[in-house]
file final11.tsv (TSV, C-alpha atoms)
chain	number	residue	atom	x	y	z
I	1	MET	CA	-8.94	7.94	32.07
I	2	THR	CA	-12.36	8.83	30.63
I	3	LYS	CA	-14.23	6.70	28.10
I	4	ASP	CA	-13.40	9.25	25.39
I	5	ASP	CA	-9.71	9.05	26.28
I	6	GLU	CA	-9.82	5.25	26.07
I	7	LEU	CA	-11.48	5.36	22.66
I	8	THR	CA	-9.00	7.97	21.44
I	9	THR	CA	-6.10	5.86	22.68
I	10	THR	CA	-7.55	2.79	20.94
I	11	LEU	CA	-7.92	4.65	17.64
I	12	GLU	CA	-4.42	6.11	17.93
I	13	GLU	CA	-3.03	2.62	18.51
I	14	LEU	CA	-4.92	1.32	15.45
I	15	ASP	CA	-3.52	4.20	13.37
I	16	ARG	CA	0.00	3.41	14.59
I	17	LEU	CA	-0.43	-0.26	13.66
I	18	ARG	CA	-1.77	0.63	10.23
I	19	MET	CA	1.07	3.08	9.51
I	20	HIS	CA	3.68	0.57	10.70
I	21	THR	CA	2.20	-2.16	8.50
I	22	ARG	CA	1.70	0.17	5.53
I	23	ALA	CA	5.34	1.28	5.63
I	24	ALA	CA	6.48	-2.34	5.93
I	25	VAL	CA	4.44	-3.85	3.09
I	26	HIS	CA	4.56	-0.97	0.58
I	27	PRO	CA	8.22	-0.20	-0.19
I	28	ALA	CA	7.20	2.41	-2.78
I	29	TRP	CA	10.75	3.76	-2.91
I	30	PHE	CA	12.02	0.71	-4.81
I	31	PRO	CA	10.16	1.18	-8.12
I	32	LEU	CA	10.69	4.95	-7.91
I	33	VAL	CA	14.47	4.59	-7.65
I	34	LEU	CA	14.64	1.76	-10.19
I	35	PHE	CA	12.49	3.39	-12.87
I	36	GLY	CA	13.99	6.82	-12.11
I	37	LEU	CA	17.47	5.47	-12.80
I	38	LEU	CA	16.17	3.73	-15.93
I	39	GLY	CA	14.70	7.07	-17.02
I	40	LEU	CA	18.07	8.75	-16.63
I	41	ALA	CA	19.77	5.84	-18.42
I	42	SER	CA	17.33	6.23	-21.31
I	43	ILE	CA	18.50	9.78	-22.13
I	44	PRO	CA	21.39	8.74	-24.44
I	45	PHE	CA	18.91	6.64	-26.46
I	46	SER	CA	16.67	9.63	-27.16
I	47	GLY	CA	18.56	10.81	-30.22
I	48	ILE	CA	18.82	7.41	-31.89
I	49	GLY	CA	16.67	6.51	-34.91
I	50	ASN	CA	13.93	9.13	-34.56
I	51	GLY	CA	12.45	7.57	-31.40
I	52	ALA	CA	13.32	3.97	-32.24
I	53	GLY	CA	16.25	3.94	-29.81
I	54	ILE	CA	14.26	4.99	-26.77
I	55	GLY	CA	11.40	2.73	-27.83
I	56	LEU	CA	13.74	-0.24	-27.93
I	57	PHE	CA	15.25	0.78	-24.60
I	58	TRP	CA	11.86	0.76	-22.86
I	59	LEU	CA	10.79	-2.42	-24.68
I	60	VAL	CA	13.52	-4.18	-22.69
I	61	ALA	CA	13.80	-1.97	-19.60
I	62	GLY	CA	10.05	-1.72	-18.87
I	63	PRO	CA	9.31	-5.43	-18.40
I	64	ALA	CA	12.73	-6.01	-16.78
I	65	GLY	CA	12.00	-3.25	-14.23
I	66	GLY	CA	8.54	-4.67	-13.60
I	67	VAL	CA	9.94	-8.15	-12.96
I	68	ALA	CA	12.66	-6.75	-10.68
I	69	THR	CA	10.04	-4.80	-8.70
I	70	ALA	CA	7.79	-7.86	-8.37
I	71	ARG	CA	10.75	-9.93	-7.17
I	72	TYR	CA	11.69	-7.30	-4.60
I	73	TYR	CA	8.14	-7.03	-3.23
I	74	THR	CA	7.80	-10.82	-3.10
I	75	LYS	CA	11.17	-11.42	-1.45
I	76	ARG	CA	10.47	-8.72	1.11
I	77	ALA	CA	7.00	-10.10	1.87
I	78	VAL	CA	8.38	-13.59	2.45
I	79	SER	CA	11.20	-12.42	4.73
I	80	LEU	CA	9.02	-9.93	6.59
I	81	GLY	CA	5.98	-12.15	6.96
I	82	ALA	CA	3.54	-9.64	5.51
I	83	GLY	CA	2.81	-8.35	2.06
I	84	VAL	CA	0.37	-7.45	-0.63
I	85	ARG	CA	-0.95	-9.58	-3.48
I	86	GLY	CA	0.61	-8.66	-6.79
I	87	ARG	CA	-2.31	-9.10	-9.20
I	88	ALA	CA	-3.41	-5.45	-9.20
I	89	TYR	CA	0.19	-4.26	-9.55
I	90	ALA	CA	0.82	-6.65	-12.45
I	91	ALA	CA	-2.41	-5.65	-14.23
I	92	LEU	CA	-1.61	-1.96	-13.84
I	93	GLY	CA	1.99	-2.51	-14.98
I	94	VAL	CA	0.86	-4.29	-18.16
I	95	ALA	CA	-1.77	-1.60	-18.84
I	96	LEU	CA	0.83	1.12	-18.34
I	97	PHE	CA	3.30	-0.59	-20.68
I	98	VAL	CA	0.75	-1.18	-23.44
I	99	GLY	CA	-0.82	2.26	-22.96
I	100	ALA	CA	2.54	4.02	-23.19
I	101	TRP	CA	3.35	2.18	-26.42
I	102	VAL	CA	-0.01	3.00	-27.96
I	103	ALA	CA	0.34	6.66	-26.89
I	104	GLY	CA	3.83	6.75	-28.43
I	105	PHE	CA	2.54	5.43	-31.77
I	106	ILE	CA	-0.38	7.85	-31.79
I	107	THR	CA	1.42	11.03	-30.70
I	108	GLN	CA	4.87	10.24	-32.16
I	109	SER	CA	6.38	12.12	-29.23
I	110	ALA	CA	7.61	11.44	-25.69
I	111	ALA	CA	4.84	13.53	-24.12
I	112	GLY	CA	2.04	11.04	-24.88
I	113	PRO	CA	3.73	8.04	-23.26
I	114	MET	CA	4.83	10.18	-20.30
I	115	ILE	CA	1.24	11.28	-19.64
I	116	VAL	CA	0.28	7.58	-19.59
I	117	VAL	CA	3.21	6.83	-17.27
I	118	ALA	CA	2.11	9.64	-14.94
I	119	LEU	CA	-1.44	8.28	-14.85
I	120	GLY	CA	-0.11	4.78	-14.26
I	121	TYR	CA	1.98	5.96	-11.31
I	122	ILE	CA	-1.03	7.70	-9.80
I	123	GLY	CA	-2.59	4.23	-9.91
I	124	PHE	CA	0.50	2.71	-8.27
I	125	ALA	CA	0.39	5.49	-5.65
I	126	ARG	CA	-3.16	4.43	-4.82
I	127	LEU	CA	-2.16	0.77	-4.51
I	128	ASP	CA	0.87	1.69	-2.38
I	129	ARG	CA	-1.08	4.36	-0.49
I	130	SER	CA	1.88	6.64	-1.12
I	131	TRP	CA	1.31	10.39	-1.35
I	132	PRO	CA	4.92	11.05	-2.44
I	133	THR	CA	4.42	8.68	-5.41
I	134	ALA	CA	1.21	10.50	-6.35
I	135	ALA	CA	2.94	13.87	-6.05
I	136	VAL	CA	5.89	12.90	-8.22
I	137	ALA	CA	3.53	11.34	-10.79
I	138	ALA	CA	1.56	14.60	-10.87
I	139	VAL	CA	4.78	16.57	-11.45
I	140	LEU	CA	5.62	14.26	-14.36
I	141	GLY	CA	2.10	14.62	-15.77
I	142	VAL	CA	2.26	18.43	-15.64
I	143	ALA	CA	5.73	18.40	-17.26
I	144	ALA	CA	4.46	16.10	-20.02
I	145	VAL	CA	1.47	18.35	-20.73
I	146	VAL	CA	3.73	21.45	-20.81
I	147	VAL	CA	6.08	19.70	-23.26
I	148	ALA	CA	3.13	18.53	-25.38
I	149	VAL	CA	1.77	22.09	-25.60
I	150	SER	CA	5.05	23.99	-26.02
I	151	ASP	CA	6.75	21.33	-28.19
I	152	PRO	CA	10.39	22.27	-27.40
I	153	ALA	CA	13.25	20.92	-29.55
I	154	ASN	CA	14.49	18.40	-26.96
I	155	GLY	CA	11.17	17.60	-25.32
I	156	ASP	CA	11.95	13.89	-25.06
I	157	VAL	CA	15.26	14.56	-23.28
I	158	ILE	CA	13.64	17.12	-20.94
I	159	LEU	CA	10.92	14.65	-19.99
I	160	ALA	CA	13.33	11.75	-19.49
I	161	PHE	CA	15.42	14.02	-17.26
I	162	VAL	CA	12.42	15.24	-15.21
I	163	PHE	CA	11.12	11.66	-14.91
I	164	GLY	CA	14.50	10.22	-13.97
I	165	LEU	CA	15.54	12.90	-11.51
I	166	ALA	CA	12.18	13.38	-9.78
I	167	PHE	CA	11.55	9.65	-9.36
I	168	THR	CA	15.09	8.84	-8.22
I	169	VAL	CA	15.31	11.67	-5.68
I	170	THR	CA	11.82	10.98	-4.27
I	171	GLY	CA	12.60	7.26	-4.06
I	172	LEU	CA	15.89	7.85	-2.27
I	173	VAL	CA	14.21	10.16	0.26
I	174	LEU	CA	11.55	7.49	0.93
I	175	ARG	CA	14.22	4.80	1.19
I	176	ARG	CA	15.91	6.67	4.05
I	177	ARG	CA	12.67	6.38	6.03
I	178	ASP	CA	12.40	2.63	5.43
I	179	PRO	CA	14.02	0.72	8.32
I	180	LEU	CA	13.90	-2.50	6.30
I	181	ALA	CA	15.73	-1.11	3.24
N	182	MET	CA	-25.53	5.50	7.85
N	183	SER	CA	-27.60	3.54	10.36
N	184	ASP	CA	-29.86	5.41	12.82
N	185	ALA	CA	-28.77	3.08	15.62
N	186	HIS	CA	-26.64	4.57	18.36
N	187	PRO	CA	-22.95	3.97	17.50
N	188	SER	CA	-22.45	1.86	20.61
N	189	GLN	CA	-25.14	-0.53	19.34
N	190	ARG	CA	-23.18	-0.98	16.13
N	191	LEU	CA	-20.07	-2.19	17.95
N	192	ASP	CA	-19.40	-5.81	17.02
N	193	ASP	CA	-18.63	-8.00	20.03
N	194	VAL	CA	-16.20	-10.09	18.00
N	195	VAL	CA	-14.25	-7.11	16.71
N	196	HIS	CA	-14.62	-4.81	19.70
N	197	GLN	CA	-11.64	-6.21	21.53
N	198	ARG	CA	-8.19	-4.60	21.59
N	199	VAL	CA	-6.19	-7.52	20.17
N	200	ARG	CA	-8.74	-8.50	17.53
N	201	LEU	CA	-9.03	-4.87	16.42
N	202	GLY	CA	-5.25	-4.81	16.16
N	203	ILE	CA	-5.19	-7.97	14.03
N	204	LEU	CA	-7.77	-6.51	11.65
N	205	ALA	CA	-5.90	-3.17	11.58
N	206	VAL	CA	-2.75	-4.95	10.37
N	207	LEU	CA	-4.76	-6.97	7.84
N	208	ALA	CA	-6.44	-3.80	6.57
N	209	GLU	CA	-3.01	-2.78	5.24
N	210	ALA	CA	-1.39	-6.11	4.42
N	211	ASP	CA	-3.25	-8.55	2.18
N	212	GLN	CA	-1.73	-11.30	4.28
N	213	ALA	CA	0.49	-11.51	7.33
N	214	ASP	CA	2.10	-14.47	8.98
N	215	PHE	CA	1.81	-15.46	12.58
N	216	GLY	CA	5.24	-14.08	13.48
N	217	PHE	CA	4.56	-10.66	11.98
N	218	LEU	CA	1.27	-10.34	13.86
N	219	LYS	CA	2.85	-11.57	17.07
N	220	ASP	CA	5.62	-8.96	16.87
N	221	ALA	CA	3.37	-6.13	15.73
N	222	LEU	CA	0.88	-6.74	18.53
N	223	ASN	CA	3.40	-7.90	21.13
N	224	LEU	CA	1.52	-11.12	21.90
N	225	THR	CA	2.34	-14.66	22.92
N	226	ASP	CA	1.65	-17.58	20.54
N	227	GLY	CA	-1.28	-18.81	22.62
N	228	ASN	CA	-2.89	-15.42	22.96
N	229	LEU	CA	-2.65	-14.68	19.25
N	230	SER	CA	-3.94	-18.16	18.33
N	231	ARG	CA	-7.00	-17.72	20.51
N	232	HIS	CA	-7.93	-14.36	18.99
N	233	VAL	CA	-7.26	-15.51	15.42
N	234	GLN	CA	-9.52	-18.49	16.06
N	235	VAL	CA	-12.34	-16.22	17.25
N	236	LEU	CA	-11.99	-14.10	14.11
N	237	GLU	CA	-11.82	-17.19	11.89
N	238	GLU	CA	-14.97	-18.67	13.44
N	239	ALA	CA	-16.76	-15.37	12.80
N	240	GLY	CA	-15.66	-15.51	9.16
N	241	TYR	CA	-13.52	-12.38	9.47
N	242	VAL	CA	-10.15	-13.94	8.67
N	243	GLN	CA	-8.85	-16.87	6.66
N	244	VAL	CA	-5.96	-19.00	7.83
N	245	ARG	CA	-3.64	-20.69	5.36
N	246	LYS	CA	-0.81	-22.99	6.29
N	247	THR	CA	2.25	-23.37	4.06
N	248	PHE	CA	5.63	-25.03	4.36
N	249	GLU	CA	8.99	-23.48	3.60
N	250	GLY	CA	11.16	-26.54	3.43
N	251	ARG	CA	10.21	-28.30	6.64
N	252	ARG	CA	9.21	-25.13	8.45
N	253	PRO	CA	5.45	-24.57	8.72
N	254	ARG	CA	4.19	-21.07	8.24
N	255	THR	CA	0.71	-19.76	9.03
N	256	TRP	CA	-0.63	-16.91	6.90
N	257	ILE	CA	-3.67	-14.91	7.93
N	258	SER	CA	-5.73	-12.65	5.69
N	259	ALA	CA	-8.90	-10.65	6.27
N	260	THR	CA	-12.03	-11.70	4.45
N	261	ARG	CA	-14.34	-9.16	2.82
N	262	ALA	CA	-16.60	-9.45	5.87
N	263	GLY	CA	-13.62	-8.88	8.15
N	264	ARG	CA	-12.60	-5.71	6.33
N	265	ALA	CA	-16.18	-4.44	6.43
N	266	ALA	CA	-16.51	-5.24	10.14
N	267	PHE	CA	-13.26	-3.41	10.89
N	268	ALA	CA	-14.29	-0.35	8.88
N	269	SER	CA	-17.69	-0.32	10.59
N	270	GLU	CA	-16.10	-0.64	14.03
N	271	VAL	CA	-13.69	2.25	13.42
N	272	ALA	CA	-16.55	4.40	12.09
N	273	ALA	CA	-18.61	3.63	15.20
N	274	LEU	CA	-15.68	4.48	17.49
N	275	LEU	CA	-15.11	7.76	15.67
N	276	GLU	CA	-18.77	8.63	16.05
N	277	LEU	CA	-18.62	7.87	19.74
N	278	ILE	CA	-15.59	10.13	20.13
N	279	ALA	CA	-17.28	12.85	18.09
N	280	GLY	CA	-19.73	13.04	20.97
N	281	VAL	CA	-22.86	11.73	19.34
N	282	ASP	CA	-23.70	10.07	22.64
N	283	ARG	CA	-23.03	13.02	24.94
N	284	PRO	CA	-25.97	13.85	27.18
N	285	GLY	CA	-27.85	16.97	26.18
N	286	ARG	CA	-26.36	17.01	22.70
N	287	LYS	CA	-28.73	16.58	19.79
N	288	SER	CA	-27.52	14.56	16.86
N	289	GLY	CA	-27.95	16.04	13.42
N	290	GLY	CA	-26.69	19.51	14.40
N	291	GLY	CA	-28.69	22.75	14.06
call {"tool": "encode", "arguments": {"input": "final11.tsv", "output": "structure tokens"}}
result
Amino acid sequence: MTKDDELTTTLEELDRLRMHTRAAVHPAWFPLVLFGLLGLASIPFSGIGNGAGIGLFWLVAGPAGGVATARYYTKRAVSLGAGVRGRAYAALGVALFVGAWVAGFITQSAAGPMIVVALGYIGFARLDRSWPTAAVAAVLGVAAVVVAVSDPANGDVILAFVFGLAFTVTGLVLRRRDPLA
Amino acid sequence: MSDAHPSQRLDDVVHQRVRLGILAVLAEADQADFGFLKDALNLTDGNLSRHVQVLEEAGYVQVRKTFEGRRPRTWISATRAGRAAFASEVAALLELIAGVDRPGRKSGGG
């Protein structure tokens, strides 16, 4: 084996270790499935009280989903013996929640909050080093911009459906690749 | 980037298969316990302890002991210096593989 081969083997082994650890400590599928299902569950609330229904839904579901995600990550880290610190996730989650509410008040539509959610998930994708999360967040962002520009009659329902379906399906696909799930 | 030959930038503490492996795991996980590292790197307790101690003495990792009930648990995390040393080592290895050191080859292209 030449020196180059040895170095290449060493770097390949380091890559393998990093990928193994990354997959173990970043179960990105969990928040995707959870918030995707919450997105689908929010659809019936869209037509209630001129936006008040869906606002109330996310007022409860947002923090509850965040707490459930934090608990899952923590429990998994303790049982696995490896994990990530939650401060950055918590800060981003709070910023996303507040930002979405502010965007909702300003735009009085679902598109504004969904653009904030898409940006927030690009941030989560960076923390989780998850390209699928970034891709699905980008899809949501594009859909939100299209709805904001075209202003269709049921834009809020369309966005909730895109959000719910895209996140749930992507999360379930990622879950199948997670041996610890 | 430094002008020094990449092989001169290899850190004796980090340039060792097991210690590189420990830092590779800790580059992805903010903290890992002894058992996780042992399994991931396929090491014995004594071997892992020795390498963790070398990294700790160099200031590249921090060791924290906790108790879960009566069971002790040792958590290891990379320090800022440890992460930097790992990144620098990988960069130097990549440069070496890229052939910067091959005889008759001028660095800087052209």
call {"tool": "closest_residue", "arguments": {"input": "final11.tsv", "among": "N:Arg254, N:Arg261, N:Val242, N:His186", "to": "chain I", "atoms": "only C-alpha atoms"}}
result
N:Arg254
call {"tool": "closest_residue", "arguments": {"input": "final11.tsv", "among": "I:Val84, I:Val67, I:Val142, I:Val94", "to": "chain N", "atoms": "all atoms listed in the file"}}
result
I:Val84
call {"tool": "closest_residue", "arguments": {"input": "final11.tsv", "among": "I:Ala138, I:Gly55, I:Ala82, I:Gly104", "to": "chain N", "atoms": "only C-alpha atoms"}}
result
I:Ala82
call {"tool": "residues_around", "arguments": {"input": "final11.tsv", "residues": "Gly47 of chain I", "least_positions_apart": "5", "cutoff": "9 Å", "atoms": "only C-alpha atoms", "output": "short mmCIF file (atom, residue, chain, number, x, y, z; two decimals) with C-alpha atoms, keeping the file's coordinate frame"}}
result
data_model
loop_
_atom_site.label_atom_id
_atom_site.label_comp_id
_atom_site.auth_asym_id
_atom_site.auth_seq_id
_atom_site.Cartn_x
_atom_site.Cartn_y
_atom_site.Cartn_z
CA ALA I 52 13.32 3.97 -32.24
CA GLY I 53 16.25 3.94 -29.81
CA ILE I 54 14.26 4.99 -26.77
CA ASP I 156 11.95 13.89 -25.06
CA VAL I 157 15.26 14.56 -23.28
#
call {"tool": "closest_residue", "arguments": {"input": "final11.tsv", "among": "N:Arg198, N:Arg264, N:Arg245, N:Arg252", "to": "Ala213 of chain N", "atoms": "all atoms listed in the file"}}
result
N:Arg245
call {"tool": "atom_distance", "arguments": {"input": "final11.tsv", "atom1": "atom CA of Leu180 of chain I", "atom2": "atom CA of Phe161 of chain I"}}
result
28.8 Å
call {"tool": "closest_residue", "arguments": {"input": "final11.tsv", "among": "N:Leu274, N:Gly280, N:Leu204, N:Phe215", "to": "Ala259 of chain N", "atoms": "all atoms listed in the file"}}
result
N:Leu204
call {"tool": "residues_around", "arguments": {"input": "final11.tsv", "residues": "Lys3 of chain I", "least_positions_apart": "3", "cutoff": "10 Å", "atoms": "all atoms listed in the file", "output": "ChimeraX atom specification"}}
result
/I:6-9 /N:277-278
call {"tool": "write_last_selection", "arguments": {"input": "final11.tsv", "atoms": "C-alpha atoms", "output": "PDB file, in the frame of the given file"}}
result
ATOM      1  CA  GLU I   6      -9.820   5.250  26.070  1.00  0.00           C
ATOM      2  CA  LEU I   7     -11.480   5.360  22.660  1.00  0.00           C
ATOM      3  CA  THR I   8      -9.000   7.970  21.440  1.00  0.00           C
ATOM      4  CA  THR I   9      -6.100   5.860  22.680  1.00  0.00           C
TER       5      THR I   9
ATOM      6  CA  LEU N 277     -18.620   7.870  19.740  1.00  0.00           C
ATOM      7  CA  ILE N 278     -15.590  10.130  20.130  1.00  0.00           C
TER       8      ILE N 278
END
call {"tool": "atom_distance", "arguments": {"input": "final11.tsv", "atom1": "atom CA of Gln243 of chain N", "atom2": "atom CA of Gly66 of chain I"}}
result
29.4 Å
call {"tool": "residues_around", "arguments": {"input": "final11.tsv", "residues": "Ser258 of chain N", "least_positions_apart": "5", "cutoff": "12 Å", "atoms": "all atoms listed in the file", "output": "PyMOL selection string"}}
result
(chain I and resi 81-85) or (chain N and resi 203-215+218+233+236-237+240-246+263-264)
call {"tool": "residues_around", "arguments": {"input": "final11.tsv", "residues": "segment 219-231 of chain N", "least_positions_apart": "3", "cutoff": "8 Å", "atoms": "only C-alpha atoms", "output": "PDB file with C-alpha atoms, in the coordinates of the input"}}
result
ATOM      1  CA  LEU I  17      -0.430  -0.260  13.660  1.00  0.00           C
TER       2      LEU I  17
ATOM      3  CA  VAL N 199      -6.190  -7.520  20.170  1.00  0.00           C
ATOM      4  CA  GLY N 202      -5.250  -4.810  16.160  1.00  0.00           C
ATOM      5  CA  ILE N 203      -5.190  -7.970  14.030  1.00  0.00           C
ATOM      6  CA  PHE N 215       1.810 -15.460  12.580  1.00  0.00           C
ATOM      7  CA  GLY N 216       5.240 -14.080  13.480  1.00  0.00           C
ATOM      8  CA  GLN N 234      -9.520 -18.490  16.060  1.00  0.00           C
ATOM      9  CA  VAL N 235     -12.340 -16.220  17.250  1.00  0.00           C
TER      10      VAL N 235
END
call {"tool": "interface_residues", "arguments": {"input": "final11.tsv", "of": "chain I", "to": "chain N", "cutoff": "12 Å", "atoms": "only C-alpha atoms", "output": "ChimeraX atom specification"}}
result
/I:2-26,77-88,127-129
call {"tool": "atom_distance", "arguments": {"input": "final11.tsv", "atom1": "atom CA of Phe105 of chain I", "atom2": "atom CA of Ala64 of chain I"}}
result
21.4 Å
